[in-house]
Number of protein chains: 2
Amino acid sequence: MSTDVEFMRRAIELARQGVEGNVGGPFGCVIAKDGRLIAEGVNAVSSTNDPTAHAEIVAIRRACEKLDSFRLEGCLIYATCEPCPMCLGAIYWSRAERLYIACDRNDAAAAGFDDAHIYEELCSTELGNRKIPVSILLRADGLAVFDDWERKPDKIEY
Amino acid sequence: MSTDVEFMRRAIELARQGVEGNVGGPFGCVIAKDGRLIAEGVNAVSSTNDPTAHAEIVAIRRACEKLDSFRLEGCLIYATCEPCPMCLGAIYWSRAERLYIACDRNDAAAAGFDDAHIYEELCSTELGNRKIPVSILLRADGLAVFDDWERKPDKIEY
């Protein structure tokens, strides 16, 4: 059994090792359940050429693999920084129970990680006015696939 | 060279195949550059036990692998539905040029995919009041890793 502070210390240690080892940005993440460490992750964007390889995404994927489930119910997530919208979205999809952070999005921005502009685009900017513009194509055909899904008797909801 | 409509038709075809083949939810994604298809993705959450395996994340990871880069500059993304916050965040981190969607978040909600509550949590709810509560731990230790990063002479920014 480890404590919340011990898990966060480990996440911070991972972040530091990631920086020193040129794995990626200064972010680490630990996922625990019932007082035991389930999975660890470190930002590996630049070393793996994967823009989704943030510490939280890496740790969530590993935890799900370990638990053989796409849900992390009862799991606690320790992230060294407030998650960006991508990672926070992943945390919601995972159904984790609670999130601990060391730094927040303002601290990240001060270190050059501008999650804030992504939050602004997602939360405050209409689809048509975004920096990555959004256009709608073939909506009726897209809706037909939702109809297929709704009629599917053996679908697995997540 | 294919057209925008052709790429979206392919994304919709992938979504339909994913539903029929029990790969996951009814979502597909295609990424193109210079009129050529670079990567495809289909939602695989339930078949791979990976809550991050949304069509867009799968396609972005494959496109980056193919282009050997963590940036998708000049790439166009065709998603069968307005991306959830996780996927939209990933699209911003990828630096893609433009996004095409067939359906929007309201269509998704009508089909049982409640991205809207994640948008609400991210955009309108204070950290302490969220359904997945957020607590701060060891902020000073976390900040020290950002200092390490800022002082690192050979860091790769992303």
# chains A, B, ... in the order shown; residues from 1 in each chain; ligands from 1
call {"tool": "interface_residues", "arguments": {"of": "chain B", "to": "chain A", "cutoff": "6 Å", "atoms": "only C-alpha atoms", "output": "JSON, numbers by chain"}}
result
{"B": [16, 49, 50, 51, 52, 61, 69, 70, 80, 85, 86, 89, 90, 94, 97, 98, 99, 100, 101, 102, 103, 123, 132, 133, 134, 135, 136, 137, 138, 139, 142, 145]}
call {"tool": "select_by_dssp", "arguments": {"residues": "chain A", "states": "strand (DSSP E)", "output": "ChimeraX atom specification"}}
result
/A:28-33,36-42,75-81,98-103,134-136
call {"tool": "select_by_dssp", "arguments": {"residues": "region 29-140 of chain B", "states": "helix (DSSP H, G or I)", "output": "mmCIF file with all heavy atoms, in the first residue's frame"}}
result
data_model
loop_
_atom_site.group_PDB
_atom_site.id
_atom_site.type_symbol
_atom_site.label_atom_id
_atom_site.label_comp_id
_atom_site.auth_asym_id
_atom_site.auth_seq_id
_atom_site.Cartn_x
_atom_site.Cartn_y
_atom_site.Cartn_z
ATOM 1 N N VAL B 45 -12.329 0.786 -29.338
ATOM 2 C CA VAL B 45 -12.321 0.804 -27.872
ATOM 3 C C VAL B 45 -12.655 -0.568 -27.305
ATOM 4 O O VAL B 45 -11.912 -1.123 -26.490
ATOM 5 C CB VAL B 45 -13.321 1.853 -27.331
ATOM 6 C CG1 VAL B 45 -13.527 1.693 -25.824
ATOM 7 C CG2 VAL B 45 -12.834 3.263 -27.646
ATOM 8 N N SER B 46 -13.776 -1.140 -27.741
ATOM 9 C CA SER B 46 -14.242 -2.366 -27.081
ATOM 10 C C SER B 46 -13.464 -3.599 -27.526
ATOM 11 O O SER B 46 -13.310 -4.542 -26.749
ATOM 12 C CB SER B 46 -15.745 -2.550 -27.323
ATOM 13 O OG SER B 46 -16.048 -2.493 -28.694
ATOM 14 N N SER B 47 -12.946 -3.608 -28.751
ATOM 15 C CA SER B 47 -12.228 -4.809 -29.207
ATOM 16 C C SER B 47 -10.778 -4.830 -28.741
ATOM 17 O O SER B 47 -10.145 -5.886 -28.742
ATOM 18 C CB SER B 47 -12.292 -4.933 -30.729
ATOM 19 O OG SER B 47 -11.668 -3.828 -31.343
ATOM 20 N N THR B 48 -10.242 -3.668 -28.365
ATOM 21 C CA THR B 48 -8.837 -3.633 -27.925
ATOM 22 C C THR B 48 -8.714 -3.252 -26.449
ATOM 23 O O THR B 48 -7.598 -3.124 -25.946
ATOM 24 C CB THR B 48 -8.014 -2.618 -28.758
ATOM 25 O OG1 THR B 48 -8.552 -1.306 -28.543
ATOM 26 C CG2 THR B 48 -8.053 -2.937 -30.231
ATOM 27 N N ALA B 55 -11.399 6.579 -33.400
ATOM 28 C CA ALA B 55 -10.962 6.547 -34.806
ATOM 29 C C ALA B 55 -9.892 7.602 -35.100
ATOM 30 O O ALA B 55 -8.901 7.329 -35.788
ATOM 31 C CB ALA B 55 -12.174 6.745 -35.720
ATOM 32 N N GLU B 56 -10.094 8.815 -34.581
ATOM 33 C CA GLU B 56 -9.155 9.908 -34.878
ATOM 34 C C GLU B 56 -7.787 9.651 -34.263
ATOM 35 O O GLU B 56 -6.745 9.901 -34.887
ATOM 36 C CB GLU B 56 -9.699 11.246 -34.353
ATOM 37 C CG GLU B 56 -11.045 11.655 -34.944
ATOM 38 C CD GLU B 56 -12.240 11.168 -34.109
ATOM 39 O OE1 GLU B 56 -12.181 10.045 -33.541
ATOM 40 O OE2 GLU B 56 -13.235 11.912 -34.032
ATOM 41 N N ILE B 57 -7.767 9.151 -33.016
ATOM 42 C CA ILE B 57 -6.483 8.876 -32.345
ATOM 43 C C ILE B 57 -5.738 7.775 -33.097
ATOM 44 O O ILE B 57 -4.529 7.872 -33.351
ATOM 45 C CB ILE B 57 -6.720 8.438 -30.875
ATOM 46 C CG1 ILE B 57 -7.433 9.547 -30.082
ATOM 47 C CG2 ILE B 57 -5.410 7.995 -30.216
ATOM 48 C CD1 ILE B 57 -6.573 10.621 -29.527
ATOM 49 N N VAL B 58 -6.478 6.731 -33.473
ATOM 50 C CA VAL B 58 -5.866 5.619 -34.216
ATOM 51 C C VAL B 58 -5.268 6.148 -35.523
ATOM 52 O O VAL B 58 -4.116 5.837 -35.881
ATOM 53 C CB VAL B 58 -6.909 4.513 -34.490
ATOM 54 C CG1 VAL B 58 -6.341 3.443 -35.425
ATOM 55 C CG2 VAL B 58 -7.394 3.883 -33.177
ATOM 56 N N ALA B 59 -6.033 6.958 -36.246
ATOM 57 C CA ALA B 59 -5.567 7.464 -37.547
ATOM 58 C C ALA B 59 -4.382 8.420 -37.377
ATOM 59 O O ALA B 59 -3.423 8.372 -38.161
ATOM 60 C CB ALA B 59 -6.716 8.157 -38.276
ATOM 61 N N ILE B 60 -4.426 9.278 -36.362
ATOM 62 C CA ILE B 60 -3.317 10.219 -36.134
ATOM 63 C C ILE B 60 -2.033 9.450 -35.819
ATOM 64 O O ILE B 60 -0.956 9.762 -36.352
ATOM 65 C CB ILE B 60 -3.664 11.203 -34.988
ATOM 66 C CG1 ILE B 60 -4.716 12.205 -35.463
ATOM 67 C CG2 ILE B 60 -2.410 11.930 -34.485
ATOM 68 C CD1 ILE B 60 -5.315 13.063 -34.347
ATOM 69 N N ARG B 61 -2.133 8.424 -34.969
ATOM 70 C CA ARG B 61 -0.927 7.665 -34.616
ATOM 71 C C ARG B 61 -0.342 6.988 -35.855
ATOM 72 O O ARG B 61 0.883 6.974 -36.057
ATOM 73 C CB ARG B 61 -1.247 6.638 -33.527
ATOM 74 C CG ARG B 61 -1.755 7.304 -32.233
ATOM 75 C CD ARG B 61 -2.063 6.296 -31.143
ATOM 76 N NE ARG B 61 -0.837 5.864 -30.502
ATOM 77 C CZ ARG B 61 -0.607 4.640 -30.052
ATOM 78 N NH1 ARG B 61 -1.522 3.703 -30.180
ATOM 79 N NH2 ARG B 61 0.540 4.337 -29.491
ATOM 80 N N ARG B 62 -1.233 6.463 -36.693
ATOM 81 C CA ARG B 62 -0.742 5.790 -37.916
ATOM 82 C C ARG B 62 -0.144 6.789 -38.909
ATOM 83 O O ARG B 62 0.867 6.510 -39.553
ATOM 84 C CB ARG B 62 -1.886 5.025 -38.582
ATOM 85 C CG ARG B 62 -2.259 3.776 -37.798
ATOM 86 C CD ARG B 62 -3.338 2.982 -38.518
ATOM 87 N NE ARG B 62 -3.695 1.803 -37.718
ATOM 88 C CZ ARG B 62 -4.862 1.186 -37.769
ATOM 89 N NH1 ARG B 62 -5.798 1.611 -38.616
ATOM 90 N NH2 ARG B 62 -5.109 0.137 -37.017
ATOM 91 N N ALA B 63 -0.791 7.933 -39.042
ATOM 92 C CA ALA B 63 -0.289 8.942 -39.986
ATOM 93 C C ALA B 63 1.089 9.440 -39.549
ATOM 94 O O ALA B 63 1.986 9.626 -40.381
ATOM 95 C CB ALA B 63 -1.279 10.107 -40.092
ATOM 96 N N CYS B 64 1.256 9.646 -38.249
ATOM 97 C CA CYS B 64 2.551 10.120 -37.743
ATOM 98 C C CYS B 64 3.628 9.062 -37.944
ATOM 99 O O CYS B 64 4.773 9.387 -38.278
ATOM 100 C CB CYS B 64 2.434 10.504 -36.271
ATOM 101 S SG CYS B 64 1.539 12.059 -36.042
ATOM 102 N N GLU B 65 3.242 7.816 -37.741
ATOM 103 C CA GLU B 65 4.197 6.723 -37.961
ATOM 104 C C GLU B 65 4.622 6.723 -39.432
ATOM 105 O O GLU B 65 5.806 6.632 -39.753
ATOM 106 C CB GLU B 65 3.505 5.410 -37.588
ATOM 107 C CG GLU B 65 4.463 4.268 -37.380
ATOM 108 C CD GLU B 65 3.739 2.972 -36.991
ATOM 109 O OE1 GLU B 65 2.608 3.045 -36.444
ATOM 110 O OE2 GLU B 65 4.286 1.897 -37.279
ATOM 111 N N LYS B 66 3.636 6.884 -40.314
ATOM 112 C CA LYS B 66 3.930 6.841 -41.750
ATOM 113 C C LYS B 66 4.803 8.025 -42.173
ATOM 114 O O LYS B 66 5.723 7.868 -42.982
ATOM 115 C CB LYS B 66 2.615 6.857 -42.523
ATOM 116 C CG LYS B 66 2.790 6.628 -44.006
ATOM 117 C CD LYS B 66 1.532 6.063 -44.613
ATOM 118 C CE LYS B 66 1.711 5.819 -46.095
ATOM 119 N NZ LYS B 66 0.460 5.348 -46.706
ATOM 120 N N LEU B 67 4.503 9.194 -41.622
ATOM 121 C CA LEU B 67 5.249 10.397 -42.015
ATOM 122 C C LEU B 67 6.521 10.567 -41.178
ATOM 123 O O LEU B 67 7.292 11.497 -41.415
ATOM 124 C CB LEU B 67 4.363 11.639 -41.890
ATOM 125 C CG LEU B 67 3.121 11.661 -42.786
ATOM 126 C CD1 LEU B 67 2.294 12.920 -42.515
ATOM 127 C CD2 LEU B 67 3.510 11.588 -44.268
ATOM 128 N N PRO B 85 -13.570 15.803 -26.969
ATOM 129 C CA PRO B 85 -12.445 16.644 -26.516
ATOM 130 C C PRO B 85 -11.100 15.928 -26.600
ATOM 131 O O PRO B 85 -10.089 16.550 -26.937
ATOM 132 C CB PRO B 85 -12.812 16.975 -25.069
ATOM 133 C CG PRO B 85 -14.311 16.944 -25.050
ATOM 134 C CD PRO B 85 -14.675 15.805 -25.978
ATOM 135 N N MET B 86 -11.067 14.626 -26.304
ATOM 136 C CA MET B 86 -9.801 13.890 -26.402
ATOM 137 C C MET B 86 -9.260 13.972 -27.826
ATOM 138 O O MET B 86 -8.094 14.317 -28.053
ATOM 139 C CB MET B 86 -9.999 12.423 -25.998
ATOM 140 C CG MET B 86 -8.769 11.557 -26.210
ATOM 141 S SD MET B 86 -8.990 9.831 -25.667
ATOM 142 C CE MET B 86 -10.085 9.178 -26.941
ATOM 143 N N CYS B 87 -10.118 13.661 -28.791
ATOM 144 C CA CYS B 87 -9.660 13.608 -30.187
ATOM 145 C C CYS B 87 -9.389 14.995 -30.743
ATOM 146 O O CYS B 87 -8.448 15.193 -31.515
ATOM 147 C CB CYS B 87 -10.693 12.866 -31.026
ATOM 148 S SG CYS B 87 -10.813 11.126 -30.577
ATOM 149 N N LEU B 88 -10.204 15.969 -30.347
ATOM 150 C CA LEU B 88 -9.949 17.324 -30.835
ATOM 151 C C LEU B 88 -8.625 17.832 -30.267
ATOM 152 O O LEU B 88 -7.836 18.483 -30.975
ATOM 153 C CB LEU B 88 -11.115 18.245 -30.453
ATOM 154 C CG LEU B 88 -11.192 19.545 -31.242
ATOM 155 C CD1 LEU B 88 -11.258 19.298 -32.743
ATOM 156 C CD2 LEU B 88 -12.406 20.354 -30.814
ATOM 157 N N GLY B 89 -8.363 17.497 -29.003
ATOM 158 C CA GLY B 89 -7.070 17.859 -28.429
ATOM 159 C C GLY B 89 -5.931 17.247 -29.231
ATOM 160 O O GLY B 89 -4.956 17.921 -29.573
ATOM 161 N N ALA B 90 -6.072 15.982 -29.579
ATOM 162 C CA ALA B 90 -5.028 15.301 -30.357
ATOM 163 C C ALA B 90 -4.841 15.966 -31.719
ATOM 164 O O ALA B 90 -3.718 16.105 -32.212
ATOM 165 C CB ALA B 90 -5.388 13.828 -30.529
ATOM 166 N N ILE B 91 -5.950 16.396 -32.321
ATOM 167 C CA ILE B 91 -5.871 17.056 -33.631
ATOM 168 C C ILE B 91 -5.086 18.373 -33.513
ATOM 169 O O ILE B 91 -4.249 18.680 -34.356
ATOM 170 C CB ILE B 91 -7.291 17.275 -34.197
ATOM 171 C CG1 ILE B 91 -7.881 15.915 -34.618
ATOM 172 C CG2 ILE B 91 -7.290 18.267 -35.365
ATOM 173 C CD1 ILE B 91 -9.386 15.927 -34.905
ATOM 174 N N TYR B 92 -5.320 19.105 -32.404
ATOM 175 C CA TYR B 92 -4.551 20.338 -32.209
ATOM 176 C C TYR B 92 -3.075 20.042 -31.994
ATOM 177 O O TYR B 92 -2.206 20.700 -32.561
ATOM 178 C CB TYR B 92 -5.139 21.181 -31.066
ATOM 179 C CG TYR B 92 -6.252 22.064 -31.601
ATOM 180 C CD1 TYR B 92 -7.554 21.596 -31.706
ATOM 181 C CD2 TYR B 92 -5.978 23.343 -32.077
ATOM 182 C CE1 TYR B 92 -8.562 22.378 -32.240
ATOM 183 C CE2 TYR B 92 -6.980 24.133 -32.616
ATOM 184 C CZ TYR B 92 -8.270 23.653 -32.694
ATOM 185 O OH TYR B 92 -9.251 24.425 -33.248
ATOM 186 N N TRP B 93 -2.776 19.041 -31.159
ATOM 187 C CA TRP B 93 -1.364 18.696 -30.937
ATOM 188 C C TRP B 93 -0.699 18.250 -32.236
ATOM 189 O O TRP B 93 0.503 18.460 -32.433
ATOM 190 C CB TRP B 93 -1.235 17.595 -29.880
ATOM 191 C CG TRP B 93 -1.500 18.067 -28.480
ATOM 192 C CD1 TRP B 93 -2.497 17.645 -27.656
ATOM 193 C CD2 TRP B 93 -0.768 19.049 -27.730
ATOM 194 N NE1 TRP B 93 -2.428 18.306 -26.450
ATOM 195 C CE2 TRP B 93 -1.382 19.176 -26.473
ATOM 196 C CE3 TRP B 93 0.353 19.852 -28.011
ATOM 197 C CZ2 TRP B 93 -0.918 20.059 -25.478
ATOM 198 C CZ3 TRP B 93 0.813 20.727 -27.025
ATOM 199 C CH2 TRP B 93 0.188 20.827 -25.783
ATOM 200 N N SER B 94 -1.478 17.638 -33.145
ATOM 201 C CA SER B 94 -0.896 17.142 -34.401
ATOM 202 C C SER B 94 -0.604 18.253 -35.406
ATOM 203 O O SER B 94 0.115 18.041 -36.361
ATOM 204 C CB SER B 94 -1.844 16.128 -35.055
ATOM 205 O OG SER B 94 -2.879 16.782 -35.772
ATOM 206 N N ARG B 105 -21.671 16.895 -32.571
ATOM 207 C CA ARG B 105 -21.767 16.322 -31.220
ATOM 208 C C ARG B 105 -23.210 16.049 -30.799
ATOM 209 O O ARG B 105 -23.461 15.152 -30.003
ATOM 210 C CB ARG B 105 -21.059 17.217 -30.205
ATOM 211 C CG ARG B 105 -21.741 18.532 -29.934
ATOM 212 C CD ARG B 105 -21.000 19.326 -28.863
ATOM 213 N NE ARG B 105 -19.918 20.116 -29.434
ATOM 214 C CZ ARG B 105 -19.187 20.987 -28.741
ATOM 215 N NH1 ARG B 105 -19.402 21.160 -27.453
ATOM 216 N NH2 ARG B 105 -18.248 21.697 -29.338
ATOM 217 N N ASN B 106 -24.162 16.799 -31.354
ATOM 218 C CA ASN B 106 -25.564 16.552 -31.009
ATOM 219 C C ASN B 106 -26.057 15.254 -31.632
ATOM 220 O O ASN B 106 -26.821 14.499 -31.019
ATOM 221 C CB ASN B 106 -26.432 17.726 -31.470
ATOM 222 C CG ASN B 106 -26.000 19.020 -30.791
ATOM 223 O OD1 ASN B 106 -25.815 19.065 -29.577
ATOM 224 N ND2 ASN B 106 -25.804 20.066 -31.583
ATOM 225 N N ASP B 107 -25.616 15.004 -32.858
ATOM 226 C CA ASP B 107 -25.951 13.724 -33.500
ATOM 227 C C ASP B 107 -25.364 12.576 -32.677
ATOM 228 O O ASP B 107 -26.014 11.537 -32.487
ATOM 229 C CB ASP B 107 -25.379 13.674 -34.920
ATOM 230 C CG ASP B 107 -25.916 14.797 -35.809
ATOM 231 O OD1 ASP B 107 -27.098 15.158 -35.660
ATOM 232 O OD2 ASP B 107 -25.134 15.314 -36.635
ATOM 233 N N ALA B 108 -24.126 12.747 -32.208
ATOM 234 C CA ALA B 108 -23.476 11.702 -31.406
ATOM 235 C C ALA B 108 -24.259 11.465 -30.115
ATOM 236 O O ALA B 108 -24.499 10.318 -29.720
ATOM 237 C CB ALA B 108 -22.027 12.092 -31.091
ATOM 238 N N ALA B 109 -24.658 12.533 -29.471
ATOM 239 C CA ALA B 109 -25.415 12.416 -28.215
ATOM 240 C C ALA B 109 -26.718 11.664 -28.461
ATOM 241 O O ALA B 109 -27.119 10.797 -27.672
ATOM 242 C CB ALA B 109 -25.680 13.790 -27.618
ATOM 243 N N ALA B 110 -27.374 11.951 -29.599
ATOM 244 C CA ALA B 110 -28.640 11.279 -29.918
ATOM 245 C C ALA B 110 -28.433 9.779 -30.111
ATOM 246 O O ALA B 110 -29.345 8.983 -29.879
ATOM 247 C CB ALA B 110 -29.264 11.899 -31.166
ATOM 248 N N ASP B 115 -20.508 12.884 -25.462
ATOM 249 C CA ASP B 115 -19.346 13.755 -25.399
ATOM 250 C C ASP B 115 -19.702 15.067 -24.710
ATOM 251 O O ASP B 115 -18.831 15.725 -24.135
ATOM 252 C CB ASP B 115 -18.861 14.132 -26.800
ATOM 253 C CG ASP B 115 -18.539 12.925 -27.664
ATOM 254 O OD1 ASP B 115 -18.828 11.790 -27.251
ATOM 255 O OD2 ASP B 115 -17.993 13.147 -28.748
ATOM 256 N N ALA B 116 -20.974 15.435 -24.782
ATOM 257 C CA ALA B 116 -21.378 16.764 -24.288
ATOM 258 C C ALA B 116 -21.019 16.917 -22.810
ATOM 259 O O ALA B 116 -20.562 17.988 -22.395
ATOM 260 C CB ALA B 116 -22.870 16.963 -24.509
ATOM 261 N N HIS B 117 -21.175 15.853 -22.023
ATOM 262 C CA HIS B 117 -20.877 16.022 -20.594
ATOM 263 C C HIS B 117 -19.381 16.205 -20.371
ATOM 264 O O HIS B 117 -18.971 16.881 -19.442
ATOM 265 C CB HIS B 117 -21.449 14.860 -19.751
ATOM 266 C CG HIS B 117 -20.485 13.766 -19.446
ATOM 267 N ND1 HIS B 117 -20.289 12.684 -20.273
ATOM 268 C CD2 HIS B 117 -19.636 13.583 -18.400
ATOM 269 C CE1 HIS B 117 -19.367 11.891 -19.754
ATOM 270 N NE2 HIS B 117 -18.957 12.404 -18.627
ATOM 271 N N ILE B 118 -18.556 15.646 -21.277
ATOM 272 C CA ILE B 118 -17.103 15.862 -21.135
ATOM 273 C C ILE B 118 -16.768 17.311 -21.500
ATOM 274 O O ILE B 118 -16.000 17.974 -20.804
ATOM 275 C CB ILE B 118 -16.293 14.870 -22.005
ATOM 276 C CG1 ILE B 118 -16.661 13.420 -21.634
ATOM 277 C CG2 ILE B 118 -14.799 15.107 -21.831
ATOM 278 C CD1 ILE B 118 -15.872 12.359 -22.390
ATOM 279 N N TYR B 119 -17.378 17.801 -22.591
ATOM 280 C CA TYR B 119 -17.174 19.222 -22.933
ATOM 281 C C TYR B 119 -17.572 20.111 -21.760
ATOM 282 O O TYR B 119 -16.870 21.065 -21.422
ATOM 283 C CB TYR B 119 -17.997 19.600 -24.172
ATOM 284 C CG TYR B 119 -17.281 19.344 -25.484
ATOM 285 C CD1 TYR B 119 -17.620 18.266 -26.294
ATOM 286 C CD2 TYR B 119 -16.274 20.188 -25.923
ATOM 287 C CE1 TYR B 119 -16.968 18.024 -27.495
ATOM 288 C CE2 TYR B 119 -15.612 19.955 -27.122
ATOM 289 C CZ TYR B 119 -15.967 18.873 -27.913
ATOM 290 O OH TYR B 119 -15.312 18.647 -29.088
ATOM 291 N N GLU B 120 -18.703 19.776 -21.120
ATOM 292 C CA GLU B 120 -19.176 20.619 -20.018
ATOM 293 C C GLU B 120 -18.201 20.591 -18.841
ATOM 294 O O GLU B 120 -17.872 21.623 -18.260
ATOM 295 C CB GLU B 120 -20.564 20.130 -19.583
ATOM 296 C CG GLU B 120 -21.286 21.125 -18.692
ATOM 297 C CD GLU B 120 -22.660 20.587 -18.297
ATOM 298 O OE1 GLU B 120 -23.393 20.116 -19.185
ATOM 299 O OE2 GLU B 120 -22.971 20.632 -17.092
ATOM 300 N N GLU B 121 -17.719 19.393 -18.514
ATOM 301 C CA GLU B 121 -16.779 19.287 -17.397
ATOM 302 C C GLU B 121 -15.498 20.090 -17.683
ATOM 303 O O GLU B 121 -15.018 20.831 -16.840
ATOM 304 C CB GLU B 121 -16.405 17.817 -17.175
ATOM 305 C CG GLU B 121 -17.528 16.970 -16.621
ATOM 306 C CD GLU B 121 -17.634 17.070 -15.114
ATOM 307 O OE1 GLU B 121 -16.708 16.665 -14.412
ATOM 308 O OE2 GLU B 121 -18.660 17.594 -14.635
ATOM 309 N N LEU B 122 -14.963 19.926 -18.904
ATOM 310 C CA LEU B 122 -13.713 20.597 -19.265
ATOM 311 C C LEU B 122 -13.865 22.111 -19.319
ATOM 312 O O LEU B 122 -12.951 22.847 -18.956
ATOM 313 C CB LEU B 122 -13.266 20.157 -20.669
ATOM 314 C CG LEU B 122 -12.231 19.065 -20.773
ATOM 315 C CD1 LEU B 122 -12.814 17.746 -20.369
ATOM 316 C CD2 LEU B 122 -11.694 19.003 -22.195
ATOM 317 N N CYS B 123 -15.006 22.533 -19.838
ATOM 318 C CA CYS B 123 -15.135 23.949 -20.199
ATOM 319 C C CYS B 123 -15.820 24.778 -19.129
ATOM 320 O O CYS B 123 -15.602 25.989 -19.061
ATOM 321 C CB CYS B 123 -15.903 24.082 -21.518
ATOM 322 S SG CYS B 123 -15.080 23.283 -22.909
ATOM 323 N N SER B 124 -16.666 24.169 -18.325
ATOM 324 C CA SER B 124 -17.523 24.982 -17.460
ATOM 325 C C SER B 124 -17.443 24.622 -15.988
ATOM 326 O O SER B 124 -18.088 25.274 -15.173
ATOM 327 C CB SER B 124 -18.986 24.846 -17.902
ATOM 328 O OG SER B 124 -19.101 24.994 -19.297
ATOM 329 N N LEU B 127 -12.138 22.825 -11.228
ATOM 330 C CA LEU B 127 -11.444 21.572 -10.912
ATOM 331 C C LEU B 127 -12.057 20.848 -9.712
ATOM 332 O O LEU B 127 -12.263 19.640 -9.750
ATOM 333 C CB LEU B 127 -9.958 21.836 -10.610
ATOM 334 C CG LEU B 127 -9.058 22.337 -11.753
ATOM 335 C CD1 LEU B 127 -7.619 22.422 -11.279
ATOM 336 C CD2 LEU B 127 -9.161 21.437 -12.978
ATOM 337 N N GLY B 128 -12.375 21.590 -8.673
ATOM 338 C CA GLY B 128 -12.830 20.950 -7.434
ATOM 339 C C GLY B 128 -14.258 20.436 -7.483
ATOM 340 O O GLY B 128 -14.668 19.662 -6.614
ATOM 341 N N ASN B 129 -15.023 20.845 -8.496
ATOM 342 C CA ASN B 129 -16.443 20.469 -8.558
ATOM 343 C C ASN B 129 -16.755 19.424 -9.618
ATOM 344 O O ASN B 129 -17.914 19.184 -9.943
ATOM 345 C CB ASN B 129 -17.302 21.709 -8.844
ATOM 346 C CG ASN B 129 -17.248 22.695 -7.686
ATOM 347 O OD1 ASN B 129 -17.128 22.285 -6.536
ATOM 348 N ND2 ASN B 129 -17.324 23.974 -7.998
ATOM 349 N N ARG B 139 2.942 20.530 -5.421
ATOM 350 C CA ARG B 139 3.113 21.463 -6.543
ATOM 351 C C ARG B 139 4.571 21.918 -6.697
ATOM 352 O O ARG B 139 5.085 21.997 -7.821
ATOM 353 C CB ARG B 139 2.187 22.678 -6.369
ATOM 354 C CG ARG B 139 2.337 23.695 -7.468
ATOM 355 C CD ARG B 139 1.172 24.664 -7.553
ATOM 356 N NE ARG B 139 1.411 25.627 -8.613
ATOM 357 C CZ ARG B 139 1.838 26.871 -8.393
ATOM 358 N NH1 ARG B 139 2.016 27.312 -7.172
ATOM 359 N NH2 ARG B 139 2.062 27.678 -9.424
ATOM 360 N N ALA B 140 5.241 22.213 -5.574
ATOM 361 C CA ALA B 140 6.622 22.721 -5.670
ATOM 362 C C ALA B 140 7.532 21.695 -6.344
ATOM 363 O O ALA B 140 8.387 22.048 -7.162
ATOM 364 C CB ALA B 140 7.146 23.086 -4.285
#
call {"tool": "atom_distance", "arguments": {"atom1": "CA of Met1 (chain A)", "atom2": "CA of Glu73 (chain A)"}}
result
18.3 Å
call {"tool": "atom_distance", "arguments": {"atom1": "CA of Ala44 (chain B)", "atom2": "CA of Ala39 (chain A)"}}
result
21.0 Å
call {"tool": "atom_distance", "arguments": {"atom1": "CA of Gly41 (chain B)", "atom2": "CA of Gly41 (chain A)"}}
result
23.6 Å
